[in-house]
$ cat query13.pdb   # PDB, C-alpha atoms
MODEL        1
ATOM      1  CA  MET A 202      99.996 159.616 131.336
ATOM      2  CA  SER A 203      99.058 155.971 130.859
ATOM      3  CA  GLU A 204      98.319 153.647 133.782
ATOM      4  CA  ASP A 205     101.616 151.828 133.173
ATOM      5  CA  GLU A 206     103.572 155.079 133.219
ATOM      6  CA  LYS A 207     101.808 156.136 136.415
ATOM      7  CA  ALA A 208     102.608 152.794 138.034
ATOM      8  CA  LEU A 209     106.290 153.124 137.121
ATOM      9  CA  THR A 210     106.391 156.719 138.337
ATOM     10  CA  ASP A 211     104.793 155.690 141.627
ATOM     11  CA  ALA A 212     107.214 152.783 142.018
ATOM     12  CA  TYR A 213     110.179 155.077 141.367
ATOM     13  CA  TYR A 214     108.852 157.551 143.933
ATOM     14  CA  TRP A 215     108.657 154.893 146.663
ATOM     15  CA  LEU A 216     112.117 153.582 145.843
ATOM     16  CA  SER A 217     113.548 157.101 146.056
ATOM     17  CA  MET A 218     111.794 157.600 149.398
ATOM     18  CA  TYR A 219     113.549 154.456 150.654
ATOM     19  CA  LYS A 220     116.920 155.581 149.293
ATOM     20  CA  SER A 221     116.557 158.942 151.046
ATOM     21  CA  GLY A 222     115.870 157.166 154.337
ATOM     22  CA  ALA A 223     112.340 158.522 154.644
ATOM     23  CA  ILE A 224     110.747 155.046 154.773
ATOM     24  CA  THR A 225     111.906 151.539 155.570
ATOM     25  CA  GLU A 226     112.712 148.902 152.972
ATOM     26  CA  GLY A 227     109.623 146.887 153.906
ATOM     27  CA  VAL A 228     107.294 149.850 153.434
ATOM     28  CA  ALA A 229     108.987 150.735 150.140
ATOM     29  CA  MET A 230     108.641 147.216 148.769
ATOM     30  CA  GLU A 231     104.977 147.045 149.757
ATOM     31  CA  LYS A 232     104.270 150.387 148.073
ATOM     32  CA  VAL A 233     106.181 149.363 144.922
ATOM     33  CA  LYS A 234     104.226 146.110 144.793
ATOM     34  CA  GLU A 235     100.945 148.010 145.128
ATOM     35  CA  ALA A 236     101.947 150.510 142.439
ATOM     36  CA  ILE A 237     102.894 147.863 139.918
ATOM     37  CA  PHE A 238     100.597 144.916 140.585
ATOM     38  CA  ASP A 239      97.443 146.373 142.117
ATOM     39  CA  GLN A 240      96.575 148.682 139.241
ATOM     40  CA  PRO A 241      93.414 147.586 137.477
ATOM     41  CA  GLN A 242      93.690 147.593 133.699
ATOM     42  CA  LEU A 243      90.928 149.770 132.329
ATOM     43  CA  ASN A 244      89.687 150.005 128.767
ATOM     44  CA  GLU A 245      89.139 153.389 127.091
ATOM     45  CA  ASN A 246      85.529 153.811 128.271
ATOM     46  CA  GLN A 247      86.458 152.824 131.811
ATOM     47  CA  GLN A 248      89.365 155.293 131.834
ATOM     48  CA  LYS A 249      87.103 158.114 130.624
ATOM     49  CA  TYR A 250      84.522 157.260 133.272
ATOM     50  CA  LEU A 251      87.209 157.185 135.983
ATOM     51  CA  LYS A 252      88.430 160.608 134.861
ATOM     52  CA  GLU A 253      84.868 161.958 135.129
ATOM     53  CA  LEU A 254      84.522 160.576 138.665
ATOM     54  CA  GLN A 255      87.855 162.140 139.634
ATOM     55  CA  TYR A 256      86.831 165.449 138.085
ATOM     56  CA  ASN A 257      83.509 165.314 139.960
ATOM     57  CA  ARG A 258      85.295 164.702 143.235
ATOM     58  CA  GLU A 259      87.670 167.594 142.724
ATOM     59  CA  ARG A 260      84.852 169.881 141.596
ATOM     60  CA  LEU A 261      82.314 168.870 144.247
ATOM     61  CA  GLY A 262      84.766 168.339 147.086
ATOM     62  CA  ASN A 263      83.642 164.931 148.286
ATOM     63  CA  THR A 264      83.477 161.315 147.181
ATOM     64  CA  HIS A 265      79.788 160.790 147.948
ATOM     65  CA  ASP A 266      78.582 163.500 145.572
ATOM     66  CA  ALA A 267      81.115 162.470 142.925
ATOM     67  CA  LEU A 268      79.701 158.939 142.955
ATOM     68  CA  PHE A 269      76.100 160.109 143.146
ATOM     69  CA  PHE A 270      76.396 162.289 140.064
ATOM     70  CA  GLY A 271      78.763 159.869 138.336
ATOM     71  CA  LEU A 272      76.425 156.894 138.603
ATOM     72  CA  VAL A 273      73.617 158.591 136.699
ATOM     73  CA  ASP A 274      73.245 156.786 133.359
ATOM     74  CA  TYR A 275      76.685 155.114 133.490
ATOM     75  CA  GLU A 276      75.357 152.171 131.455
ATOM     76  CA  LYS A 277      74.015 154.284 128.598
ATOM     77  CA  ARG A 278      76.516 157.116 128.610
ATOM     78  CA  TRP A 279      79.714 155.112 129.086
ATOM     79  CA  ASN A 280      78.611 151.781 127.639
ATOM     80  CA  LEU A 281      79.584 149.982 130.848
ATOM     81  CA  ASN A 282      77.857 147.016 132.429
ATOM     82  CA  ASP A 283      78.169 146.042 136.090
ATOM     83  CA  GLU A 284      81.203 143.854 135.379
ATOM     84  CA  ASP A 285      82.959 146.777 133.681
ATOM     85  CA  LEU A 286      82.021 149.104 136.519
ATOM     86  CA  ALA A 287      83.757 147.153 139.310
ATOM     87  CA  PRO A 288      87.389 147.892 138.271
ATOM     88  CA  VAL A 289      86.523 151.560 137.807
ATOM     89  CA  MET A 290      85.074 151.714 141.322
ATOM     90  CA  GLN A 291      88.197 149.993 142.658
ATOM     91  CA  ALA A 292      90.485 152.488 140.928
ATOM     92  CA  PHE A 293      88.336 155.441 141.989
ATOM     93  CA  SER A 294      88.212 154.258 145.608
ATOM     94  CA  GLN A 295      91.970 153.888 145.730
ATOM     95  CA  TRP A 296      92.438 157.325 144.169
ATOM     96  CA  ALA A 297      89.921 158.940 146.559
ATOM     97  CA  LEU A 298      91.691 157.456 149.595
ATOM     98  CA  GLU A 299      94.992 158.820 148.337
ATOM     99  CA  GLN A 300      93.397 162.273 148.039
ATOM    100  CA  GLU A 301      92.272 162.084 151.664
ATOM    101  CA  GLU A 302      95.842 161.277 152.772
ATOM    102  CA  GLU A 303      97.243 164.417 151.123
TER     103      GLU A 303
ENDMDL
END

$ encode --input "query13.pdb" --output "structure tokens"
Amino acid sequence: MSEDEKALTDAYYWLSMYKSGAITEGVAMEKVKEAIFDQPQLNENQQKYLKELQYNRERLGNTHDALFFGLVDYEKRWNLNDEDLAPVMQAFSQWALEQEEE
């Protein structure tokens, strides 16, 4: 699923939660805004690196170890510089927080 498809799916989810009465309109609109506008656009290398970090977190069970092992040779292995790394860290952080909420 692409980032755009995920954003639309998330937005639809929050709108349906509002329609069912589970959340207020204000909460729904904030969540829809976050889903659509706060998604960093990642290139192919960044997306692959993000997937590895997510896999590491699921496999290792915590964010610290996922980052520790994921940061080894990220420049060489993923062809990412520090500027490219920032949006990946943002997306990973957001994803990791969502995992903690579940």

$ atom_distance --input "query13.pdb" --atom1 "atom CA of Asn257 of chain A" --atom2 "atom CA of Leu243 of chain A"
18.8 Å

$ atom_distance --input "query13.pdb" --atom1 "atom CA of Ala292 of chain A" --atom2 "atom CA of Gln248 of chain A"
9.6 Å

$ residues_around --input "query13.pdb" --residues "Val289 of chain A" --least-positions-apart "5" --cutoff "9 Å" --atoms "only C-alpha atoms" --output "PyMOL selection string"
chain A and resi 241+243+247-248+250-251+294

$ residues_around --input "query13.pdb" --residues "Met290 of chain A" --least-positions-apart "2" --cutoff "12 Å" --atoms "all atoms listed in the file" --output "PyMOL selection string"
chain A and resi 241+243+247-248+250-255+264+267-268+271-272+275+281+283-288+292-297

$ atom_distance --input "query13.pdb" --atom1 "atom CA of Asn263 of chain A" --atom2 "atom CA of Trp279 of chain A"
21.9 Å

$ closest_residue --input "query13.pdb" --among "A:Gln300, A:Lys207, A:Asn282, A:Lys232" --to "Tyr219 of chain A" --atoms "all atoms listed in the file"
A:Lys232

$ closest_residue --input "query13.pdb" --among "A:Asn280, A:Phe270, A:Asp211, A:Asn244" --to "Tyr256 of chain A" --atoms "only C-alpha atoms"
A:Phe270

$ closest_residue --input "query13.pdb" --among "A:Lys277, A:Tyr213, A:Gly262, A:Glu206" --to "Asn246 of chain A" --atoms "all atoms listed in the file"
A:Lys277

$ axis_aligned_box --input "query13.pdb" --around "segment 248-265 of chain A" --padding-each-side "8 Å" --output "AutoDock Vina command-line options"
--center_x 84.6 --center_y 162.6 --center_z 139.5 --size_x 25.6 --size_y 30.6 --size_z 33.7

$ closest_residue --input "query13.pdb" --among "A:Ala229, A:Ile237, A:Leu261, A:Ile224" --to "Ala208 of chain A" --atoms "only C-alpha atoms"
A:Ile237

$ residues_around --input "query13.pdb" --residues "Ala236 of chain A" --least-positions-apart "3" --cutoff "10 Å" --atoms "all atoms listed in the file" --output "count of residues only"
17

$ build_atoms --input "query13.pdb" --residues "segment 227-256 of chain A" --atoms "N, CA and C atoms" --output "compact mmCIF listing (two decimals), in the frame of the given file"
# COMPACT_ATOMS: atom_id res chain seq x y z
N GLY A 227 110.87 147.64 153.94
CA GLY A 227 109.62 146.89 153.91
C GLY A 227 108.46 147.72 153.40
N VAL A 228 108.37 148.94 153.89
CA VAL A 228 107.29 149.85 153.43
C VAL A 228 107.48 150.15 151.95
N ALA A 229 108.71 150.43 151.55
CA ALA A 229 108.99 150.74 150.14
C ALA A 229 108.60 149.57 149.24
N MET A 230 108.95 148.37 149.61
CA MET A 230 108.64 147.22 148.77
C MET A 230 107.14 146.98 148.68
N GLU A 231 106.44 147.20 149.78
CA GLU A 231 104.98 147.04 149.76
C GLU A 231 104.35 148.08 148.83
N LYS A 232 104.82 149.32 148.92
CA LYS A 232 104.27 150.39 148.07
C LYS A 232 104.60 150.15 146.60
N VAL A 233 105.81 149.67 146.31
CA VAL A 233 106.18 149.36 144.92
C VAL A 233 105.30 148.25 144.39
N LYS A 234 105.10 147.22 145.20
CA LYS A 234 104.23 146.11 144.79
C LYS A 234 102.82 146.61 144.49
N GLU A 235 102.28 147.45 145.36
CA GLU A 235 100.94 148.01 145.13
C GLU A 235 100.91 148.82 143.84
N ALA A 236 101.92 149.64 143.63
CA ALA A 236 101.95 150.51 142.44
C ALA A 236 101.97 149.70 141.16
N ILE A 237 102.71 148.62 141.15
CA ILE A 237 102.89 147.86 139.92
C ILE A 237 101.81 146.81 139.72
N PHE A 238 101.47 146.08 140.76
CA PHE A 238 100.60 144.92 140.58
C PHE A 238 99.14 145.15 140.92
N ASP A 239 98.82 146.17 141.69
CA ASP A 239 97.44 146.37 142.12
C ASP A 239 96.68 147.37 141.25
N GLN A 240 97.24 147.75 140.13
CA GLN A 240 96.58 148.68 139.24
C GLN A 240 95.61 147.94 138.33
N PRO A 241 94.33 148.24 138.41
CA PRO A 241 93.41 147.59 137.48
C PRO A 241 93.66 148.10 136.07
N GLN A 242 93.54 147.22 135.10
CA GLN A 242 93.69 147.59 133.70
C GLN A 242 92.32 148.00 133.17
N LEU A 243 92.20 149.24 132.76
CA LEU A 243 90.93 149.77 132.33
C LEU A 243 90.93 150.01 130.82
N ASN A 244 89.79 149.70 130.19
CA ASN A 244 89.69 150.00 128.77
C ASN A 244 89.40 151.51 128.60
N GLU A 245 89.28 151.96 127.36
CA GLU A 245 89.14 153.39 127.09
C GLU A 245 87.89 153.99 127.74
N ASN A 246 86.76 153.31 127.64
CA ASN A 246 85.53 153.81 128.27
C ASN A 246 85.66 153.87 129.78
N GLN A 247 86.27 152.85 130.36
CA GLN A 247 86.46 152.82 131.81
C GLN A 247 87.38 153.97 132.25
N GLN A 248 88.44 154.21 131.49
CA GLN A 248 89.36 155.29 131.83
C GLN A 248 88.67 156.65 131.77
N LYS A 249 87.84 156.85 130.74
CA LYS A 249 87.10 158.11 130.62
C LYS A 249 86.13 158.28 131.79
N TYR A 250 85.47 157.20 132.16
CA TYR A 250 84.52 157.26 133.27
C TYR A 250 85.25 157.56 134.58
N LEU A 251 86.40 156.92 134.79
CA LEU A 251 87.21 157.18 135.98
C LEU A 251 87.61 158.65 136.03
N LYS A 252 88.03 159.19 134.91
CA LYS A 252 88.43 160.61 134.86
C LYS A 252 87.25 161.51 135.23
N GLU A 253 86.04 161.15 134.77
CA GLU A 253 84.87 161.96 135.13
C GLU A 253 84.61 161.89 136.63
N LEU A 254 84.72 160.70 137.22
CA LEU A 254 84.52 160.58 138.66
C LEU A 254 85.56 161.41 139.43
N GLN A 255 86.80 161.36 138.99
CA GLN A 255 87.86 162.14 139.63
C GLN A 255 87.58 163.64 139.50
N TYR A 256 87.17 164.05 138.31
CA TYR A 256 86.83 165.45 138.08
C TYR A 256 85.67 165.87 139.00
